[in-house]
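**Student:** Pasting a structure below so you can have a look.
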Amino acid sequence: HEDRLRKLPKHLKYVADIVQSLIRVETDYPVHPNDVEKKVSLELYEQTFASKYITATSEFYESKSSSMIPEDSCSTYLTKVLALKDEESTRMKQLLIHPSFYQSIREAVHQRLVGDNMEYFYREAV
């Protein structure tokens with residue numbers, strides 16, 4: 001979570017290299033971020049990295065959301081949500097996350113920042 005807290009970890013490149021290594025273990029070709037069409041088994045990658053990354057991401061944004069709601073108006077909160085979603089998209093590319101997991105990560109972020117807070121939005125709208 002260091003990078004999400006604006007403390008860019010010095011080891012970010014190493015994390016990206018490890019992520020790519022996990023992907024390459026299960027593939028016979030170099031993986032490029034735009035290479036979504038090729039169907040490959042990514043079980044090792046999913047078990048050792050992707051599922052844990054999605055869980056950690058979800059937990060981080062659940063906590064982040066809880067701290068933002070009491071201090072922000074609805075419009076300020078939603079503006080911050082859009083910025084956080086953009087940051088997470090950039091982070092996925094920096095870490096060279098396999099594109100087949102982008103949607104799962106985006107859904108986890110959206111659920112924690114928006115879906116879990118629908119009651120708040122309803123109260124603010126009334």
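Naming works like this for the structure tokens: A, B, ... for the chains as they're shown, residue 1 at the start of each chain, ligands 1 onward in shown order.
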Which neighbours of stretch 111-117 of chain A fall inside 8 Å, counting only C-alpha atoms, when residues of the same chain fewer than 4 positions from it are skipped, and could you give them as a PyMOL selection string?
**Tutor:** chain A and resi 58+61-62+65+81+107+121
**Student:** Tell me which protein, DNA and RNA residues are within 10 Å of A:Val25, counting only C-alpha atoms, leaving out same-chain ones fewer than 6 positions away, and put them as a tab-separated table (two decimals) with N, CA and C atoms, in the first residue's frame.
**Tutor:**
chain	number	residue	atom	x	y	z
A	42	LEU	N	-3.25	-18.86	-16.38
A	42	LEU	CA	-2.50	-18.01	-15.46
A	42	LEU	C	-2.76	-18.41	-14.01
A	44	LEU	N	-0.92	-20.01	-11.70
A	44	LEU	CA	0.13	-19.67	-10.75
A	44	LEU	C	0.12	-18.17	-10.46
A	45	TYR	N	0.03	-17.37	-11.50
A	45	TYR	CA	-0.03	-15.91	-11.37
A	45	TYR	C	-1.24	-15.51	-10.53
**Student:** So the first atom is atom CA of A:Met92 and the second is atom CA of A:Glu43; what is the distance between them in Å, to one decimal place?
**Tutor:**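 Straight-line distance from atom CA of A:Met92 to atom CA of A:Glu43 works out to 18.6 Å.
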**Student:** Which of these, A:Gln103, A:Lys93, A:Ser75, A:Phe49, has the shortest distance to A:Lys13 once you count only C-alpha atoms?
**Tutor:** A:Lys93
